[in-house]
$ cat coords-v4.pdb   # PDB, N, CA and C atoms
ATOM      1  N   MET K   1     128.797  78.238 115.918
ATOM      2  CA  MET K   1     128.595  79.428 116.709
ATOM      3  C   MET K   1     129.858  80.296 116.620
ATOM      4  N   ARG K   2     129.621  81.579 116.514
ATOM      5  CA  ARG K   2     130.703  82.545 116.562
ATOM      6  C   ARG K   2     130.181  83.684 117.414
ATOM      7  N   GLY K   3     130.723  83.811 118.624
ATOM      8  CA  GLY K   3     130.155  84.778 119.539
ATOM      9  C   GLY K   3     128.737  84.356 119.849
ATOM     10  N   ASN K   4     127.792  85.235 119.606
ATOM     11  CA  ASN K   4     126.396  84.860 119.812
ATOM     12  C   ASN K   4     125.670  84.612 118.486
ATOM     13  N   GLU K   5     126.425  84.542 117.368
ATOM     14  CA  GLU K   5     125.830  84.274 116.057
ATOM     15  C   GLU K   5     125.799  82.776 115.791
ATOM     16  N   ARG K   6     124.756  82.352 115.101
ATOM     17  CA  ARG K   6     124.620  80.942 114.746
ATOM     18  C   ARG K   6     124.348  80.840 113.251
ATOM     19  N   LEU K   7     125.073  79.941 112.573
ATOM     20  CA  LEU K   7     124.902  79.715 111.143
ATOM     21  C   LEU K   7     124.372  78.306 110.947
ATOM     22  N   ILE K   8     123.223  78.186 110.285
ATOM     23  CA  ILE K   8     122.633  76.896 109.981
ATOM     24  C   ILE K   8     122.727  76.697 108.472
ATOM     25  N   CYS K   9     123.452  75.650 108.065
ATOM     26  CA  CYS K   9     123.699  75.399 106.641
ATOM     27  C   CYS K   9     123.039  74.106 106.195
ATOM     28  N   ASP K  10     122.632  74.098 104.944
ATOM     29  CA  ASP K  10     122.142  72.888 104.303
ATOM     30  C   ASP K  10     123.054  72.673 103.107
ATOM     31  N   ALA K  11     123.812  71.589 103.102
ATOM     32  CA  ALA K  11     124.764  71.309 102.024
ATOM     33  C   ALA K  11     124.159  70.327 101.028
ATOM     34  N   LYS K  12     124.359  70.610  99.744
ATOM     35  CA  LYS K  12     123.829  69.775  98.670
ATOM     36  C   LYS K  12     124.951  69.335  97.742
ATOM     37  N   GLY K  13     124.786  68.167  97.168
ATOM     38  CA  GLY K  13     125.757  67.637  96.218
ATOM     39  C   GLY K  13     125.380  67.952  94.783
ATOM     40  N   ARG K  14     126.078  67.343  93.858
ATOM     41  CA  ARG K  14     125.824  67.560  92.430
ATOM     42  C   ARG K  14     124.523  66.881  92.003
ATOM     43  N   THR K  15     123.888  67.476  91.013
ATOM     44  CA  THR K  15     122.656  66.911  90.460
ATOM     45  C   THR K  15     122.624  67.150  88.955
ATOM     46  N   SER K  16     121.952  66.290  88.232
ATOM     47  CA  SER K  16     121.885  66.452  86.776
ATOM     48  C   SER K  16     120.926  67.578  86.384
ATOM     49  N   GLU K  17     119.966  67.876  87.231
ATOM     50  CA  GLU K  17     119.001  68.950  86.988
ATOM     51  C   GLU K  17     119.242  70.071  87.995
ATOM     52  N   LYS K  18     120.165  70.965  87.683
ATOM     53  CA  LYS K  18     120.566  72.005  88.645
ATOM     54  C   LYS K  18     119.409  72.903  89.065
ATOM     55  N   GLY K  19     118.546  73.273  88.142
ATOM     56  CA  GLY K  19     117.429  74.156  88.475
ATOM     57  C   GLY K  19     116.456  73.523  89.441
ATOM     58  N   ILE K  20     116.078  72.284  89.167
ATOM     59  CA  ILE K  20     115.161  71.575  90.055
ATOM     60  C   ILE K  20     115.835  71.303  91.387
ATOM     61  N   GLY K  21     117.112  70.959  91.353
ATOM     62  CA  GLY K  21     117.861  70.723  92.589
ATOM     63  C   GLY K  21     117.923  71.971  93.458
ATOM     64  N   ALA K  22     118.137  73.131  92.836
ATOM     65  CA  ALA K  22     118.194  74.393  93.586
ATOM     66  C   ALA K  22     116.832  74.716  94.191
ATOM     67  N   ASP K  23     115.765  74.512  93.420
ATOM     68  CA  ASP K  23     114.420  74.769  93.942
ATOM     69  C   ASP K  23     114.128  73.882  95.146
ATOM     70  N   SER K  24     114.470  72.610  95.051
ATOM     71  CA  SER K  24     114.254  71.675  96.161
ATOM     72  C   SER K  24     115.092  72.059  97.378
ATOM     73  N   ALA K  25     116.339  72.429  97.123
ATOM     74  CA  ALA K  25     117.230  72.806  98.222
ATOM     75  C   ALA K  25     116.713  74.040  98.960
ATOM     76  N   TYR K  26     116.253  75.043  98.213
ATOM     77  CA  TYR K  26     115.699  76.232  98.862
ATOM     78  C   TYR K  26     114.439  75.890  99.657
ATOM     79  N   GLY K  27     113.602  75.025  99.107
ATOM     80  CA  GLY K  27     112.395  74.617  99.821
ATOM     81  C   GLY K  27     112.732  73.928 101.130
ATOM     82  N   GLN K  28     113.728  73.049 101.102
ATOM     83  CA  GLN K  28     114.141  72.353 102.318
ATOM     84  C   GLN K  28     114.724  73.329 103.326
ATOM     85  N   LEU K  29     115.528  74.275 102.842
ATOM     86  CA  LEU K  29     116.116  75.264 103.744
ATOM     87  C   LEU K  29     115.038  76.137 104.377
ATOM     88  N   LEU K  30     114.056  76.554 103.587
ATOM     89  CA  LEU K  30     112.976  77.387 104.120
ATOM     90  C   LEU K  30     112.207  76.669 105.218
ATOM     91  N   ARG K  31     112.024  75.361 105.081
ATOM     92  CA  ARG K  31     111.329  74.604 106.124
ATOM     93  C   ARG K  31     112.139  74.523 107.409
ATOM     94  N   ARG K  32     113.461  74.695 107.320
ATOM     95  CA  ARG K  32     114.309  74.651 108.508
ATOM     96  C   ARG K  32     114.312  75.982 109.280
ATOM     97  N   ILE K  33     113.827  77.027 108.661
ATOM     98  CA  ILE K  33     113.821  78.330 109.323
ATOM     99  C   ILE K  33     112.753  78.317 110.411
ATOM    100  N   THR K  34     113.224  78.314 111.627
ATOM    101  CA  THR K  34     112.312  78.247 112.768
ATOM    102  C   THR K  34     112.374  79.498 113.627
ATOM    103  N   SER K  35     113.260  80.414 113.271
ATOM    104  CA  SER K  35     113.444  81.610 114.087
ATOM    105  C   SER K  35     113.699  82.820 113.205
ATOM    106  N   GLN K  36     113.197  83.956 113.629
ATOM    107  CA  GLN K  36     113.454  85.215 112.930
ATOM    108  C   GLN K  36     114.524  86.034 113.649
ATOM    109  N   GLU K  37     115.203  85.416 114.605
ATOM    110  CA  GLU K  37     116.238  86.125 115.353
ATOM    111  C   GLU K  37     117.359  86.571 114.411
ATOM    112  N   SER K  38     117.809  87.804 114.564
ATOM    113  CA  SER K  38     118.847  88.338 113.678
ATOM    114  C   SER K  38     120.198  87.664 113.896
ATOM    115  N   ARG K  39     120.395  87.025 115.028
ATOM    116  CA  ARG K  39     121.675  86.355 115.293
ATOM    117  C   ARG K  39     121.784  85.007 114.588
ATOM    118  N   ILE K  40     120.677  84.513 114.036
ATOM    119  CA  ILE K  40     120.676  83.230 113.337
ATOM    120  C   ILE K  40     120.614  83.477 111.831
ATOM    121  N   ARG K  41     121.553  82.871 111.102
ATOM    122  CA  ARG K  41     121.611  82.987 109.646
ATOM    123  C   ARG K  41     121.481  81.602 109.047
ATOM    124  N   TYR K  42     120.825  81.536 107.904
ATOM    125  CA  TYR K  42     120.632  80.280 107.200
ATOM    126  C   TYR K  42     121.371  80.360 105.873
ATOM    127  N   ALA K  43     122.012  79.253 105.465
ATOM    128  CA  ALA K  43     122.803  79.260 104.239
ATOM    129  C   ALA K  43     122.624  77.954 103.485
ATOM    130  N   LEU K  44     122.767  78.041 102.181
ATOM    131  CA  LEU K  44     122.737  76.885 101.307
ATOM    132  C   LEU K  44     124.143  76.715 100.739
ATOM    133  N   VAL K  45     124.714  75.532 100.896
ATOM    134  CA  VAL K  45     126.063  75.238 100.408
ATOM    135  C   VAL K  45     125.918  74.293  99.217
ATOM    136  N   VAL K  46     126.448  74.717  98.058
ATOM    137  CA  VAL K  46     126.304  73.931  96.833
ATOM    138  C   VAL K  46     127.647  73.811  96.116
ATOM    139  N   PRO K  47     127.772  72.825  95.222
ATOM    140  CA  PRO K  47     128.988  72.715  94.407
ATOM    141  C   PRO K  47     129.131  73.946  93.503
ATOM    142  N   SER K  48     130.345  74.248  93.118
ATOM    143  CA  SER K  48     130.585  75.429  92.273
ATOM    144  C   SER K  48     129.811  75.353  90.956
ATOM    145  N   SER K  49     129.513  74.154  90.473
ATOM    146  CA  SER K  49     128.775  74.011  89.216
ATOM    147  C   SER K  49     127.311  74.448  89.341
ATOM    148  N   SER K  50     126.814  74.607  90.555
ATOM    149  CA  SER K  50     125.418  75.007  90.783
ATOM    150  C   SER K  50     125.258  76.446  91.245
ATOM    151  N   VAL K  51     126.343  77.162  91.420
ATOM    152  CA  VAL K  51     126.282  78.509  91.994
ATOM    153  C   VAL K  51     125.406  79.452  91.166
ATOM    154  N   LYS K  52     125.547  79.459  89.852
ATOM    155  CA  LYS K  52     124.762  80.392  89.018
ATOM    156  C   LYS K  52     123.264  80.162  89.171
ATOM    157  N   VAL K  53     122.849  78.913  89.227
ATOM    158  CA  VAL K  53     121.429  78.602  89.359
ATOM    159  C   VAL K  53     120.919  79.043  90.736
ATOM    160  N   VAL K  54     121.705  78.796  91.767
ATOM    161  CA  VAL K  54     121.315  79.172  93.129
ATOM    162  C   VAL K  54     121.270  80.696  93.263
ATOM    163  N   GLU K  55     122.231  81.393  92.697
ATOM    164  CA  GLU K  55     122.233  82.856  92.767
ATOM    165  C   GLU K  55     121.046  83.449  92.018
ATOM    166  N   ARG K  56     120.592  82.803  90.949
ATOM    167  CA  ARG K  56     119.418  83.272  90.214
ATOM    168  C   ARG K  56     118.199  83.311  91.138
ATOM    169  N   VAL K  57     118.014  82.277  91.924
ATOM    170  CA  VAL K  57     116.892  82.232  92.863
ATOM    171  C   VAL K  57     117.060  83.319  93.921
ATOM    172  N   ARG K  58     118.272  83.470  94.417
ATOM    173  CA  ARG K  58     118.539  84.484  95.440
ATOM    174  C   ARG K  58     118.250  85.886  94.911
ATOM    175  N   GLU K  59     118.690  86.167  93.682
ATOM    176  CA  GLU K  59     118.467  87.488  93.086
ATOM    177  C   GLU K  59     116.984  87.760  92.873
ATOM    178  N   MET K  60     116.242  86.746  92.460
ATOM    179  CA  MET K  60     114.815  86.914  92.214
ATOM    180  C   MET K  60     114.050  87.144  93.519
ATOM    181  N   SER K  61     114.568  86.622  94.615
ATOM    182  CA  SER K  61     113.863  86.750  95.893
ATOM    183  C   SER K  61     114.414  87.875  96.759
ATOM    184  N   ALA K  62     115.375  88.632  96.259
ATOM    185  CA  ALA K  62     116.029  89.664  97.074
ATOM    186  C   ALA K  62     115.047  90.674  97.648
ATOM    187  N   GLY K  63     114.017  91.004  96.925
ATOM    188  CA  GLY K  63     113.043  91.973  97.421
ATOM    189  C   GLY K  63     112.239  91.476  98.600
ATOM    190  N   CYS K  64     112.040  90.164  98.685
ATOM    191  CA  CYS K  64     111.193  89.635  99.760
ATOM    192  C   CYS K  64     111.962  89.306 101.010
ATOM    193  N   CYS K  65     113.275  89.124 100.912
ATOM    194  CA  CYS K  65     114.036  88.753 102.111
ATOM    195  C   CYS K  65     115.372  89.480 102.186
ATOM    196  N   ALA K  66     115.419  90.682 101.716
ATOM    197  CA  ALA K  66     116.676  91.433 101.634
ATOM    198  C   ALA K  66     117.371  91.572 102.983
ATOM    199  N   SER K  67     116.623  91.616 104.054
ATOM    200  CA  SER K  67     117.244  91.820 105.369
ATOM    201  C   SER K  67     117.893  90.549 105.900
ATOM    202  N   THR K  68     117.564  89.369 105.352
ATOM    203  CA  THR K  68     118.115  88.140 105.885
ATOM    204  C   THR K  68     119.070  87.445 104.938
ATOM    205  N   CYS K  69     119.016  87.726 103.638
ATOM    206  CA  CYS K  69     119.892  87.058 102.677
ATOM    207  C   CYS K  69     121.272  87.708 102.693
ATOM    208  N   THR K  70     122.296  86.873 102.707
ATOM    209  CA  THR K  70     123.664  87.372 102.636
ATOM    210  C   THR K  70     124.429  86.563 101.614
ATOM    211  N   ARG K  71     125.498  87.131 101.164
ATOM    212  CA  ARG K  71     126.332  86.442 100.178
ATOM    213  C   ARG K  71     127.463  85.766 100.885
TER     214      ARG K  71
END

$ encode --input "coords-v4.pdb" --output "structure tokens"
Amino acid sequence: MRGNERLICDAKGRTSEKGIGADSAYGQLLRRITSQESRIRYALVVPSSSVKVVERVREMSAGCCASTCTR
């Protein structure tokens, strides 16, 4: 918590299949979204070796969730 903001993170470790791992991680994070309140933010935390794959998914979905996705 910071002020009245809340950050909910899902942290993932290294995987041999980064693309499949990123897809699974996003699916798990989406299931955790229980509120549309603007004070609550959801984040995926990944190793630096997976950042490009995770950002690819984020960029592809930017049109559908632009108001909630942050960098």

$ residues_around --input "coords-v4.pdb" --residues "Asn4 (chain K)" --least-positions-apart "2" --cutoff "7 Å" --atoms "all atoms listed in the file" --output "short mmCIF file (atom, residue, chain, number, x, y, z; two decimals) with N, CA and C atoms, in the coordinates of the input"
data_model
loop_
_atom_site.label_atom_id
_atom_site.label_comp_id
_atom_site.auth_asym_id
_atom_site.auth_seq_id
_atom_site.Cartn_x
_atom_site.Cartn_y
_atom_site.Cartn_z
N MET K 1 128.80 78.24 115.92
CA MET K 1 128.60 79.43 116.71
C MET K 1 129.86 80.30 116.62
N ARG K 2 129.62 81.58 116.51
CA ARG K 2 130.70 82.54 116.56
C ARG K 2 130.18 83.68 117.41
N ARG K 6 124.76 82.35 115.10
CA ARG K 6 124.62 80.94 114.75
C ARG K 6 124.35 80.84 113.25
N ARG K 39 120.40 87.02 115.03
CA ARG K 39 121.68 86.36 115.29
C ARG K 39 121.78 85.01 114.59
N ILE K 40 120.68 84.51 114.04
CA ILE K 40 120.68 83.23 113.34
C ILE K 40 120.61 83.48 111.83
#

$ atom_distance --input "coords-v4.pdb" --atom1 "atom C of Arg14 (chain K)" --atom2 "atom N of Ala43 (chain K)"
18.5 Å

$ atom_distance --input "coords-v4.pdb" --atom1 "CA of Val54 (chain K)" --atom2 "CA of Arg32 (chain K)"
17.5 Å

$ atom_distance --input "coords-v4.pdb" --atom1 "CA of Val46 (chain K)" --atom2 "atom C of Ala22 (chain K)"
9.9 Å

$ residues_around --input "coords-v4.pdb" --residues "Pro47 (chain K)" --least-positions-apart "6" --cutoff "8 Å" --atoms "all atoms listed in the file" --output "list in words"
Ala11, Lys12, Gly13, Arg14 and Thr15 of chain K

$ write_last_selection --input "coords-v4.pdb" --atoms "N, CA and C atoms" --output "compact mmCIF listing (two decimals), in the frame of the given file"
# COMPACT_ATOMS: atom_id res chain seq x y z
N ALA K 11 123.81 71.59 103.10
CA ALA K 11 124.76 71.31 102.02
C ALA K 11 124.16 70.33 101.03
N LYS K 12 124.36 70.61 99.74
CA LYS K 12 123.83 69.78 98.67
C LYS K 12 124.95 69.33 97.74
N GLY K 13 124.79 68.17 97.17
CA GLY K 13 125.76 67.64 96.22
C GLY K 13 125.38 67.95 94.78
N ARG K 14 126.08 67.34 93.86
CA ARG K 14 125.82 67.56 92.43
C ARG K 14 124.52 66.88 92.00
N THR K 15 123.89 67.48 91.01
CA THR K 15 122.66 66.91 90.46
C THR K 15 122.62 67.15 88.96

$ residues_around --input "coords-v4.pdb" --residues "Cys9 (chain K)" --least-positions-apart "4" --cutoff "8 Å" --atoms "only C-alpha atoms" --output "ChimeraX atom specification"
/K:42-45

$ residues_near_point --input "coords-v4.pdb" --point "(115.1, 78.1, 105.8)" --cutoff "10 Å" --atoms "only C-alpha atoms" --output "PyMOL selection string"
chain K and resi 8-10+25-35+41-44

$ select_by_dssp --input "coords-v4.pdb" --residues "chain K" --states "strand (DSSP E or B)" --output "JSON, numbers by chain"
{"K": [2, 5, 6, 7, 8, 9, 10, 11, 40, 41, 42, 43, 44, 45]}

$ axis_aligned_box --input "coords-v4.pdb" --around "region 20-39 of chain K" --padding-each-side "4 Å" --output "lines of an AutoDock Vina configuration file"
center_x = 116.6
center_y = 79.5
center_z = 102.3
size_x = 18.5
size_y = 25.6
size_z = 34.2

$ select_by_dssp --input "coords-v4.pdb" --residues "chain K" --states "helix (DSSP H, G or I)" --output "compact mmCIF listing (two decimals) with N, CA and C atoms, in the frame of the given file"
# COMPACT_ATOMS: atom_id res chain seq x y z
N LYS K 18 120.16 70.96 87.68
CA LYS K 18 120.57 72.00 88.64
C LYS K 18 119.41 72.90 89.06
N GLY K 19 118.55 73.27 88.14
CA GLY K 19 117.43 74.16 88.48
C GLY K 19 116.46 73.52 89.44
N ILE K 20 116.08 72.28 89.17
CA ILE K 20 115.16 71.58 90.06
C ILE K 20 115.84 71.30 91.39
N GLY K 21 117.11 70.96 91.35
CA GLY K 21 117.86 70.72 92.59
C GLY K 21 117.92 71.97 93.46
N ALA K 22 118.14 73.13 92.84
CA ALA K 22 118.19 74.39 93.59
C ALA K 22 116.83 74.72 94.19
N ASP K 23 115.76 74.51 93.42
CA ASP K 23 114.42 74.77 93.94
C ASP K 23 114.13 73.88 95.15
N SER K 24 114.47 72.61 95.05
CA SER K 24 114.25 71.68 96.16
C SER K 24 115.09 72.06 97.38
N ALA K 25 116.34 72.43 97.12
CA ALA K 25 117.23 72.81 98.22
C ALA K 25 116.71 74.04 98.96
N TYR K 26 116.25 75.04 98.21
CA TYR K 26 115.70 76.23 98.86
C TYR K 26 114.44 75.89 99.66
N GLY K 27 113.60 75.03 99.11
CA GLY K 27 112.40 74.62 99.82
C GLY K 27 112.73 73.93 101.13
N GLN K 28 113.73 73.05 101.10
CA GLN K 28 114.14 72.35 102.32
C GLN K 28 114.72 73.33 103.33
N LEU K 29 115.53 74.28 102.84
CA LEU K 29 116.12 75.26 103.74
C LEU K 29 115.04 76.14 104.38
N LEU K 30 114.06 76.55 103.59
CA LEU K 30 112.98 77.39 104.12
C LEU K 30 112.21 76.67 105.22
N ARG K 31 112.02 75.36 105.08
CA ARG K 31 111.33 74.60 106.12
C ARG K 31 112.14 74.52 107.41
N ARG K 32 113.46 74.69 107.32
CA ARG K 32 114.31 74.65 108.51
C ARG K 32 114.31 75.98 109.28
N SER K 48 130.34 74.25 93.12
CA SER K 48 130.58 75.43 92.27
C SER K 48 129.81 75.35 90.96
N SER K 49 129.51 74.15 90.47
CA SER K 49 128.78 74.01 89.22
C SER K 49 127.31 74.45 89.34
N SER K 50 126.81 74.61 90.56
CA SER K 50 125.42 75.01 90.78
C SER K 50 125.26 76.45 91.24
N VAL K 51 126.34 77.16 91.42
CA VAL K 51 126.28 78.51 91.99
C VAL K 51 125.41 79.45 91.17
N LYS K 52 125.55 79.46 89.85
CA LYS K 52 124.76 80.39 89.02
C LYS K 52 123.26 80.16 89.17
N VAL K 53 122.85 78.91 89.23
CA VAL K 53 121.43 78.60 89.36
C VAL K 53 120.92 79.04 90.74
N VAL K 54 121.70 78.80 91.77
CA VAL K 54 121.32 79.17 93.13
C VAL K 54 121.27 80.70 93.26
N GLU K 55 122.23 81.39 92.70
CA GLU K 55 122.23 82.86 92.77
C GLU K 55 121.05 83.45 92.02
N ARG K 56 120.59 82.80 90.95
CA ARG K 56 119.42 83.27 90.21
C ARG K 56 118.20 83.31 91.14
N VAL K 57 118.01 82.28 91.92
CA VAL K 57 116.89 82.23 92.86
C VAL K 57 117.06 83.32 93.92
N ARG K 58 118.27 83.47 94.42
CA ARG K 58 118.54 84.48 95.44
C ARG K 58 118.25 85.89 94.91
N GLU K 59 118.69 86.17 93.68
CA GLU K 59 118.47 87.49 93.09
C GLU K 59 116.98 87.76 92.87
N MET K 60 116.24 86.75 92.46
CA MET K 60 114.82 86.91 92.21
C MET K 60 114.05 87.14 93.52
N ALA K 62 115.38 88.63 96.26
CA ALA K 62 116.03 89.66 97.07
C ALA K 62 115.05 90.67 97.65
N GLY K 63 114.02 91.00 96.92
CA GLY K 63 113.04 91.97 97.42
C GLY K 63 112.24 91.48 98.60
N CYS K 64 112.04 90.16 98.68
CA CYS K 64 111.19 89.64 99.76
C CYS K 64 111.96 89.31 101.01
N CYS K 65 113.28 89.12 100.91
CA CYS K 65 114.04 88.75 102.11
C CYS K 65 115.37 89.48 102.19
